[in-house]
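Quick look at model21.txt (compact mmCIF, C-alpha atoms):
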```
# COMPACT_ATOMS: atom_id res chain seq x y z
CA MET A 5 -18.47 15.33 -31.02
CA LEU A 6 -21.53 16.33 -28.97
CA GLU A 7 -23.80 17.28 -31.85
CA GLU A 8 -25.73 14.00 -31.76
CA TYR A 9 -26.65 14.35 -28.09
CA SER A 10 -29.59 16.18 -26.51
CA THR A 11 -29.36 19.63 -24.95
CA ARG A 12 -29.57 18.06 -21.47
CA GLN A 13 -26.75 15.62 -22.25
CA ARG A 14 -24.53 18.35 -23.67
CA ALA A 15 -25.19 20.54 -20.62
CA VAL A 16 -23.65 18.10 -18.13
CA MET A 17 -20.61 17.73 -20.35
CA LEU A 18 -19.95 21.43 -20.75
CA ASN A 19 -20.90 22.80 -17.33
CA THR A 20 -18.04 24.20 -15.27
CA GLU A 21 -19.96 25.51 -12.26
CA GLY A 22 -21.24 23.76 -9.17
CA TYR A 23 -24.59 24.21 -7.47
CA ASN A 24 -24.82 25.29 -3.81
CA VAL A 25 -21.29 24.11 -2.98
CA SER A 26 -18.50 25.43 -0.76
CA ASP A 27 -15.53 27.52 -1.87
CA LYS A 28 -13.32 24.42 -1.64
CA TYR A 29 -15.40 22.67 -4.28
CA ASN A 30 -13.65 22.85 -7.64
CA VAL A 31 -15.73 21.27 -10.37
CA ILE A 32 -14.00 18.42 -12.19
CA ASN A 33 -15.68 18.84 -15.54
CA THR A 34 -16.72 15.59 -17.19
CA MET A 35 -15.70 16.87 -20.62
CA ASP A 36 -12.16 17.41 -19.33
CA VAL A 37 -12.12 13.83 -18.03
CA VAL A 38 -13.40 12.55 -21.39
CA GLN A 39 -10.66 14.41 -23.23
CA GLN A 40 -8.10 12.93 -20.85
CA PHE A 41 -9.21 9.42 -21.86
CA GLU A 42 -9.45 10.36 -25.54
CA ARG A 43 -5.73 11.12 -25.58
CA PHE A 44 -5.17 7.43 -24.81
CA GLY A 45 -7.47 6.07 -27.52
CA PHE A 46 -10.82 5.86 -25.73
CA GLU A 47 -13.94 7.11 -27.54
CA LEU A 48 -17.12 8.64 -26.12
CA SER A 49 -19.94 6.12 -26.65
CA SER A 50 -22.90 7.32 -24.54
CA ILE A 51 -24.12 9.99 -22.12
CA ASP A 52 -26.86 9.33 -19.57
CA ALA A 53 -27.96 12.49 -17.74
CA GLY A 54 -30.58 12.56 -15.01
CA ARG A 55 -33.51 14.95 -15.26
CA THR A 56 -34.17 17.79 -12.84
CA LEU A 57 -37.13 20.12 -12.31
CA SER A 58 -34.92 22.82 -10.82
CA ALA A 59 -33.58 25.41 -13.24
CA ASP A 60 -30.66 26.10 -10.88
CA LYS A 61 -29.59 22.43 -10.97
CA TYR A 62 -29.92 22.06 -14.74
CA GLY A 63 -26.75 20.54 -16.17
CA LYS A 64 -25.25 19.99 -12.71
CA GLY A 65 -26.85 16.73 -11.55
CA LYS A 66 -25.62 13.16 -11.59
CA HIS A 67 -24.71 11.70 -14.95
CA MET A 68 -22.97 8.66 -16.40
CA VAL A 69 -20.68 8.65 -19.42
CA ARG A 70 -19.36 5.52 -21.11
CA MET A 71 -16.11 5.50 -23.09
CA ALA A 72 -15.07 2.64 -25.33
CA ALA A 73 -11.55 1.26 -25.55
CA GLU A 74 -10.01 1.18 -29.02
CA PHE A 75 -9.77 -2.63 -29.07
CA ARG A 76 -12.50 -5.28 -28.99
CA MET A 77 -12.96 -8.51 -27.06
CA PRO A 78 -14.15 -11.87 -28.45
CA GLY A 79 -17.84 -12.70 -28.21
CA GLY A 80 -19.26 -9.33 -29.22
CA LEU A 81 -17.89 -7.45 -26.21
CA ARG A 82 -16.36 -3.97 -26.04
CA PRO A 83 -14.25 -2.88 -23.05
CA GLU A 84 -15.31 0.42 -21.53
CA VAL A 85 -14.70 2.84 -18.71
CA ILE A 86 -17.69 4.38 -16.94
CA ILE A 87 -17.49 7.96 -15.67
CA HIS A 88 -20.04 8.81 -12.94
CA ASN A 89 -20.08 12.43 -11.86
CA SER A 90 -22.08 15.47 -10.69
CA TYR A 91 -21.48 19.17 -10.03
CA ASP A 92 -23.92 19.70 -7.16
CA GLY A 93 -21.90 18.29 -4.28
CA THR A 94 -23.82 15.00 -4.19
CA LYS A 95 -21.26 12.86 -6.01
CA ALA A 96 -17.51 12.62 -6.22
CA LEU A 97 -16.06 11.75 -9.61
CA ASN A 98 -16.10 7.95 -9.96
CA ILE A 99 -14.47 5.92 -12.72
CA ARG A 100 -15.12 2.20 -13.15
CA VAL A 101 -14.31 -0.57 -15.61
CA GLY A 102 -17.14 -1.99 -17.70
CA VAL A 103 -18.01 -3.87 -20.86
CA PHE A 104 -20.61 -3.30 -23.59
CA ARG A 105 -22.38 -6.33 -25.05
CA PHE A 106 -23.47 -5.66 -28.64
CA VAL A 107 -26.01 -8.49 -28.81
CA CYS A 108 -28.28 -6.77 -26.29
CA SER A 109 -27.02 -3.18 -26.63
CA ASN A 110 -26.46 -3.25 -22.90
CA GLY A 111 -23.61 -2.15 -20.69
CA LEU A 112 -22.24 -4.04 -17.71
CA ILE A 113 -20.18 -2.52 -14.91
CA VAL A 114 -17.53 -4.53 -13.11
CA GLY A 115 -18.07 -4.66 -9.35
CA SER A 116 -15.79 -3.17 -6.73
CA ASN A 117 -14.94 -6.62 -5.37
CA LEU A 118 -13.18 -7.41 -8.65
CA ILE A 119 -11.69 -4.06 -9.69
CA PRO A 120 -11.84 -1.11 -7.26
CA ASN A 121 -13.29 2.08 -8.67
CA LEU A 122 -11.34 5.33 -8.79
CA GLN A 123 -13.01 7.99 -6.66
CA ILE A 124 -11.80 11.59 -6.76
CA LEU A 125 -13.18 14.44 -4.65
CA HIS A 126 -13.91 17.70 -6.44
CA SER A 127 -11.46 19.42 -4.11
CA ASN A 128 -8.57 17.34 -5.47
CA ASN A 129 -6.32 19.42 -7.72
CA SER A 130 -4.28 16.38 -8.81
CA TRP A 131 -7.16 14.57 -10.49
CA GLN A 132 -5.39 14.47 -13.87
CA GLU A 133 -2.51 12.51 -12.36
CA LEU A 134 -4.88 10.03 -10.73
CA ILE A 135 -6.67 9.44 -14.02
CA ASN A 136 -3.35 8.93 -15.80
CA GLU A 137 -2.46 6.30 -13.19
CA PHE A 138 -5.82 4.61 -13.79
CA ILE A 139 -5.16 4.56 -17.53
CA ASP A 140 -1.59 3.31 -17.06
CA THR A 141 -2.97 0.25 -15.22
CA TYR A 142 -5.96 -0.25 -17.52
CA GLU A 143 -4.36 -3.18 -19.35
CA GLU A 144 -4.03 -5.02 -16.05
CA LYS A 145 -7.64 -4.18 -15.17
CA HIS A 146 -8.80 -5.39 -18.60
CA HIS A 147 -6.95 -8.68 -18.08
CA ILE A 148 -8.74 -9.21 -14.75
CA GLN A 149 -12.07 -8.39 -16.39
CA SER A 150 -11.48 -10.76 -19.33
CA GLU A 151 -10.43 -13.60 -17.03
CA TRP A 152 -13.54 -13.05 -14.91
CA ILE A 153 -15.81 -13.29 -17.96
CA GLU A 154 -14.05 -16.41 -19.27
CA ASN A 155 -14.35 -18.10 -15.88
CA MET A 156 -18.04 -17.20 -15.68
CA MET A 157 -18.56 -18.83 -19.08
CA ASP A 158 -16.88 -22.02 -17.86
CA ILE A 159 -18.96 -22.37 -14.68
CA LYS A 160 -22.20 -24.31 -14.98
CA MET A 161 -25.18 -22.87 -13.13
CA GLY A 162 -28.28 -25.03 -12.90
CA LEU A 163 -31.80 -23.67 -12.49
CA ASP A 164 -31.91 -24.18 -8.72
CA GLU A 165 -28.73 -22.15 -8.18
CA ALA A 166 -29.82 -19.55 -10.74
CA TYR A 167 -33.13 -19.19 -8.85
CA GLU A 168 -31.21 -18.27 -5.68
CA TYR A 169 -29.25 -15.64 -7.60
CA ALA A 170 -32.49 -14.32 -9.10
CA LYS A 171 -33.80 -13.73 -5.56
CA LYS A 172 -30.57 -11.94 -4.61
CA ALA A 173 -30.71 -9.83 -7.77
CA LEU A 174 -34.32 -8.85 -7.06
CA ASP A 175 -33.28 -7.71 -3.59
CA ILE A 176 -30.52 -5.61 -5.12
CA ARG A 177 -32.85 -3.82 -7.51
CA HIS A 178 -35.43 -3.25 -4.77
CA TYR A 179 -33.19 -2.87 -1.75
CA ASP A 180 -35.90 -0.76 -0.09
CA LYS A 181 -38.07 -3.93 -0.05
CA ARG A 182 -40.96 -2.36 -1.95
CA ILE A 183 -40.83 -5.36 -4.27
CA THR A 184 -40.36 -8.87 -2.86
CA MET A 185 -40.86 -12.48 -3.89
CA ASP A 186 -44.44 -12.11 -2.65
CA VAL A 187 -45.26 -9.96 -5.67
CA VAL A 188 -42.66 -11.13 -8.22
CA ASP A 189 -41.88 -14.65 -9.39
CA PRO A 190 -38.05 -14.94 -9.51
CA LEU A 191 -38.36 -17.61 -12.21
CA GLU A 192 -39.69 -14.92 -14.55
CA LEU A 193 -36.36 -13.10 -14.16
CA LEU A 194 -34.60 -16.15 -15.63
CA ILE A 195 -36.56 -16.17 -18.90
CA VAL A 196 -34.00 -16.09 -21.71
CA ARG A 197 -34.88 -13.57 -24.42
CA ARG A 198 -31.85 -14.01 -26.68
CA LYS A 199 -30.47 -17.17 -28.24
CA GLU A 200 -26.96 -16.10 -27.20
CA ASP A 201 -27.99 -16.57 -23.56
CA GLN A 202 -29.47 -20.04 -24.00
CA ALA A 203 -26.77 -21.68 -21.92
CA ASP A 204 -26.61 -22.91 -18.34
CA ASN A 205 -23.42 -21.10 -17.40
CA ALA A 206 -22.98 -18.26 -14.90
CA TRP A 207 -22.23 -15.68 -17.62
CA SER A 208 -25.54 -16.31 -19.42
CA ARG A 209 -27.50 -16.31 -16.16
CA TYR A 210 -25.83 -13.05 -15.16
CA ASN A 211 -26.67 -11.33 -18.44
CA THR A 212 -30.24 -12.63 -18.42
CA LEU A 213 -30.89 -11.31 -14.91
CA GLN A 214 -29.20 -8.00 -15.63
CA GLU A 215 -31.25 -7.32 -18.75
CA ASN A 216 -34.59 -8.47 -17.34
CA LEU A 217 -34.26 -6.44 -14.15
CA ILE A 218 -33.01 -3.25 -15.80
CA GLN A 219 -35.52 -3.39 -18.67
CA GLY A 220 -38.41 -4.32 -16.38
CA ASN A 221 -39.06 -7.61 -18.19
CA PHE A 222 -41.17 -9.05 -15.38
CA ARG A 223 -44.62 -8.66 -13.86
CA LYS A 224 -45.71 -7.50 -10.41
CA TYR A 225 -48.76 -9.09 -8.79
CA ASP A 226 -50.73 -6.71 -6.57
CA ASN A 227 -52.88 -7.67 -3.61
CA ASP A 228 -56.04 -6.77 -5.50
CA GLY A 229 -55.23 -9.40 -8.12
CA SER A 230 -54.04 -6.98 -10.79
CA ILE A 231 -50.84 -7.51 -12.74
CA ARG A 232 -48.50 -4.72 -13.82
CA LYS A 233 -45.31 -4.69 -15.87
CA ALA A 234 -42.27 -3.47 -13.96
CA LYS A 235 -40.71 -0.13 -14.86
CA VAL A 236 -37.49 0.28 -16.79
CA MET A 237 -34.61 1.48 -14.62
CA THR A 238 -33.61 4.99 -15.74
CA ASN A 239 -32.13 6.67 -12.65
CA VAL A 240 -28.39 7.09 -13.20
CA ASP A 241 -27.43 6.40 -9.58
CA GLU A 242 -29.60 3.31 -9.43
CA LEU A 243 -28.25 1.93 -12.70
CA VAL A 244 -24.68 2.19 -11.44
CA ARG A 245 -25.50 0.82 -7.98
CA PHE A 246 -27.48 -2.13 -9.36
CA ASN A 247 -24.84 -3.06 -11.95
CA VAL A 248 -22.00 -2.91 -9.43
CA GLU A 249 -23.81 -4.96 -6.78
CA LEU A 250 -25.04 -7.55 -9.28
CA SER A 251 -21.48 -8.03 -10.52
CA ASP A 252 -20.28 -8.39 -6.94
CA ILE A 253 -22.73 -11.16 -6.03
CA PHE A 254 -21.84 -13.09 -9.18
CA SER A 255 -18.18 -12.82 -8.22
CA GLU A 256 -19.15 -15.15 -5.36
CA VAL A 257 -19.67 -17.87 -7.97
CA LEU A 258 -15.96 -17.93 -8.73
CA VAL A 259 -14.94 -18.56 -5.11
CA ALA A 260 -17.74 -20.96 -4.19
```
Reformat the file's structure so that it appears as C-alpha cells.
Amino acid sequence: MLEEYSTRQRAVMLNTEGYNVSDKYNVINTMDVVQQFERFGFELSSIDAGRTLSADKYGKGKHMVRMAAEFRMPGGLRPEVIIHNSYDGTKALNIRVGVFRFVCSNGLIVGSNLIPNLQILHSNNSWQELINEFIDTYEEKHHIQSEWIENMMDIKMGLDEAYEYAKKALDIRHYDKRITMDVVDPLELLIVRRKEDQADNAWSRYNTLQENLIQGNFRKYDNDGSIRKAKVMTNVDELVRFNVELSDIFSEVLVA
C-alpha cells in the first residue's frame, strides 16, 4: 500500500516512537489510524509529510493523511477524512471531514464551525473507541457537509461581496500581516482559472480563492517597484489551518 510513496512519507506512517516526549506520551501511530478507517471502507489517498533537518526528528514531525470514502458525491467531489498527526509532542491526533474536488485535484477541509474535529491526546488509551464513534456518525457528518455545499451553490455572491471575502482570505493566509492589501490586489485572488468556477455563487468564489491562495496564483508588489509571484503553500500545519479558517468564514455566508 505504501510502495508508491516516498521514504519520508512512509517514515511518518510506520514510526512508533516519539521524539523528546514524556513517559505518559504513547504514540498513536498514523498507520494504525489508517487501518482503523480502512476496516470501514475508507482508502488511503495521499500523505503529506513535513520536512525536517534534524535526524532525530525524521519521521516524527507533523503530517497530514487524506482517506477517501468508498462512495462519491455529485459534481466531481469525493468525501474524505483528514488525519493530522505528529509524534514529537507538538500535535495531538486530529481528524476532520473534508472533500476532494477532482476538477482541480485539490482538497478542501470542512471548518470547525460546521463539523467539530476529533482531537485525541497521545496519552489517551481509548483512541480506537473514539475513532469508531467518529466513523459511526460519519454519515451524519457527510449529510451536513453535502447540505453546506449545496447551499453554497445556491447563494449568489457578486463581485463586491466576493472582494470582501478575498480580503478576509488574504488575512487568513498571512495572519502574521507580512502580506497585506498594500502589496497584493485582492481582485487578483478572484481570477477564475477553471471553467467549472465561472459562476457567481459562493461555492465557486470559495474554490477560486482557496486554489489561488494555496497555489500562490497572485503577485506581490514590493516597495522598490518589483513584482514577485507568491509562494505555494506547502507547510502541513499552515495548509490545515488555512483550509479550516477559510471554510469557517464562508460558513458566515449561510447565516447572513
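Taking atom CA of Ser90 of chain A and atom CA of Val244 of chain A as the two end points, the separation is 13.6 Å.
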Item to complete: Name the closest residue to Ile218 of chain A among the candidates A:Phe246, A:Tyr62, A:Tyr169, A:Trp131; distances are taken between atoms, counting all atoms listed in the file.
Response: A:Phe246
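Nearest residue to His126 of chain A among A:Tyr91, A:Tyr210, A:Phe41, A:Phe75 is A:Tyr91, counting all atoms listed in the file.
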Discussion item. So the first atom is atom CA of Pro190 of chain A and the second is atom CA of Lys233 of chain A; what is the distance between them in Å, to one decimal place?
Written reply: 14.1 Å
Set up a box along x, y and z of the file covering all listed atoms of segment 17-27 of chain A, add 3 Å on every one of the six sides, and write the centre and edge lengths in Å to one decimal, as lines of an AutoDock Vina configuration file.
```
center_x = -20.2
center_y = 22.6
center_z = -10.8
size_x = 15.3
size_y = 15.8
size_z = 26.0
```
Pull segment 141-225 of chain A out of the block and emit C-alpha atoms, as a JSON list (two decimals), in the first residue's frame.
```json
[["chain", "number", "residue", "atom", "x", "y", "z"],
["A", 141, "THR", "CA", -21.51, 9.26, 12.97],
["A", 142, "TYR", "CA", -19.77, 9.87, 9.64],
["A", 143, "GLU", "CA", -22.99, 9.53, 7.63],
["A", 144, "GLU", "CA", -24.50, 12.38, 9.65],
["A", 145, "LYS", "CA", -21.35, 14.46, 9.17],
["A", 146, "HIS", "CA", -21.41, 13.76, 5.42],
["A", 147, "HIS", "CA", -25.04, 14.90, 5.25],
["A", 148, "ILE", "CA", -24.13, 18.20, 6.94],
["A", 149, "GLN", "CA", -21.21, 18.63, 4.55],
["A", 150, "SER", "CA", -23.32, 17.89, 1.45],
["A", 151, "GLU", "CA", -26.06, 20.29, 2.55],
["A", 152, "TRP", "CA", -23.45, 23.00, 3.16],
["A", 153, "ILE", "CA", -22.04, 22.60, -0.36],
["A", 154, "GLU", "CA", -25.50, 22.61, -1.96],
["A", 155, "ASN", "CA", -26.46, 25.76, -0.07],
["A", 156, "MET", "CA", -23.21, 27.45, -1.12],
["A", 157, "MET", "CA", -24.02, 26.63, -4.74],
["A", 158, "ASP", "CA", -27.46, 28.24, -4.38],
["A", 159, "ILE", "CA", -26.22, 31.51, -2.86],
["A", 160, "LYS", "CA", -25.31, 34.27, -5.30],
["A", 161, "MET", "CA", -22.16, 36.23, -4.47],
["A", 162, "GLY", "CA", -21.50, 39.35, -6.51],
["A", 163, "LEU", "CA", -18.05, 40.81, -7.12],
["A", 164, "ASP", "CA", -18.31, 43.41, -4.35],
["A", 165, "GLU", "CA", -19.11, 40.79, -1.72],
["A", 166, "ALA", "CA", -16.52, 38.39, -3.15],
["A", 167, "TYR", "CA", -13.92, 41.18, -2.89],
["A", 168, "GLU", "CA", -14.61, 41.46, 0.85],
["A", 169, "TYR", "CA", -14.14, 37.71, 1.25],
["A", 170, "ALA", "CA", -10.92, 37.90, -0.78],
["A", 171, "LYS", "CA", -9.55, 40.41, 1.75],
["A", 172, "LYS", "CA", -10.56, 38.13, 4.63],
["A", 173, "ALA", "CA", -9.00, 35.13, 2.91],
["A", 174, "LEU", "CA", -5.75, 37.03, 2.36],
["A", 175, "ASP", "CA", -5.65, 37.87, 6.06],
["A", 176, "ILE", "CA", -6.13, 34.19, 6.89],
["A", 177, "ARG", "CA", -3.23, 33.07, 4.73],
["A", 178, "HIS", "CA", -0.98, 35.83, 6.06],
["A", 179, "TYR", "CA", -2.28, 36.16, 9.60],
["A", 180, "ASP", "CA", 1.14, 37.47, 10.66],
["A", 181, "LYS", "CA", 0.43, 40.53, 8.44],
["A", 182, "ARG", "CA", 3.57, 40.13, 6.35],
["A", 183, "ILE", "CA", 1.34, 40.39, 3.28],
["A", 184, "THR", "CA", -1.46, 42.96, 3.15],
["A", 185, "MET", "CA", -3.67, 44.69, 0.60],
["A", 186, "ASP", "CA", -0.87, 47.24, 0.22],
["A", 187, "VAL", "CA", 1.21, 44.67, -1.65],
["A", 188, "VAL", "CA", -1.47, 42.35, -3.08],
["A", 189, "ASP", "CA", -4.52, 43.22, -5.16],
["A", 190, "PRO", "CA", -7.44, 41.14, -3.74],
["A", 191, "LEU", "CA", -9.12, 41.23, -7.16],
["A", 192, "GLU", "CA", -6.30, 39.05, -8.48],
["A", 193, "LEU", "CA", -7.36, 36.37, -5.99],
["A", 194, "LEU", "CA", -10.77, 36.23, -7.69],
["A", 195, "ILE", "CA", -9.42, 35.41, -11.15],
["A", 196, "VAL", "CA", -11.19, 32.23, -12.28],
["A", 197, "ARG", "CA", -8.81, 29.67, -13.78],
["A", 198, "ARG", "CA", -11.28, 26.86, -14.49],
["A", 199, "LYS", "CA", -14.49, 26.95, -16.47],
["A", 200, "GLU", "CA", -16.21, 24.98, -13.69],
["A", 201, "ASP", "CA", -15.78, 28.01, -11.41],
["A", 202, "GLN", "CA", -17.20, 30.55, -13.84],
["A", 203, "ALA", "CA", -20.26, 31.21, -11.71],
["A", 204, "ASP", "CA", -21.22, 33.95, -9.28],
["A", 205, "ASN", "CA", -22.18, 31.68, -6.41],
["A", 206, "ALA", "CA", -20.47, 31.31, -3.03],
["A", 207, "TRP", "CA", -19.19, 27.80, -3.82],
["A", 208, "SER", "CA", -17.31, 28.95, -6.93],
["A", 209, "ARG", "CA", -15.90, 32.00, -5.15],
["A", 210, "TYR", "CA", -14.77, 29.79, -2.27],
["A", 211, "ASN", "CA", -12.99, 27.33, -4.55],
["A", 212, "THR", "CA", -11.38, 30.10, -6.60],
["A", 213, "LEU", "CA", -9.96, 31.81, -3.50],
["A", 214, "GLN", "CA", -8.82, 28.54, -1.97],
["A", 215, "GLU", "CA", -6.91, 27.45, -5.08],
["A", 216, "ASN", "CA", -5.35, 30.84, -5.84],
["A", 217, "LEU", "CA", -4.13, 31.39, -2.29],
["A", 218, "ILE", "CA", -2.77, 27.88, -1.76],
["A", 219, "GLN", "CA", -1.11, 27.67, -5.19],
["A", 220, "GLY", "CA", 0.29, 31.20, -4.97],
["A", 221, "ASN", "CA", -1.60, 32.36, -8.07],
["A", 222, "PHE", "CA", -1.11, 36.05, -7.32],
["A", 223, "ARG", "CA", 1.62, 38.68, -7.40],
["A", 224, "LYS", "CA", 3.24, 40.69, -4.62],
["A", 225, "TYR", "CA", 4.28, 44.29, -5.28]]
```
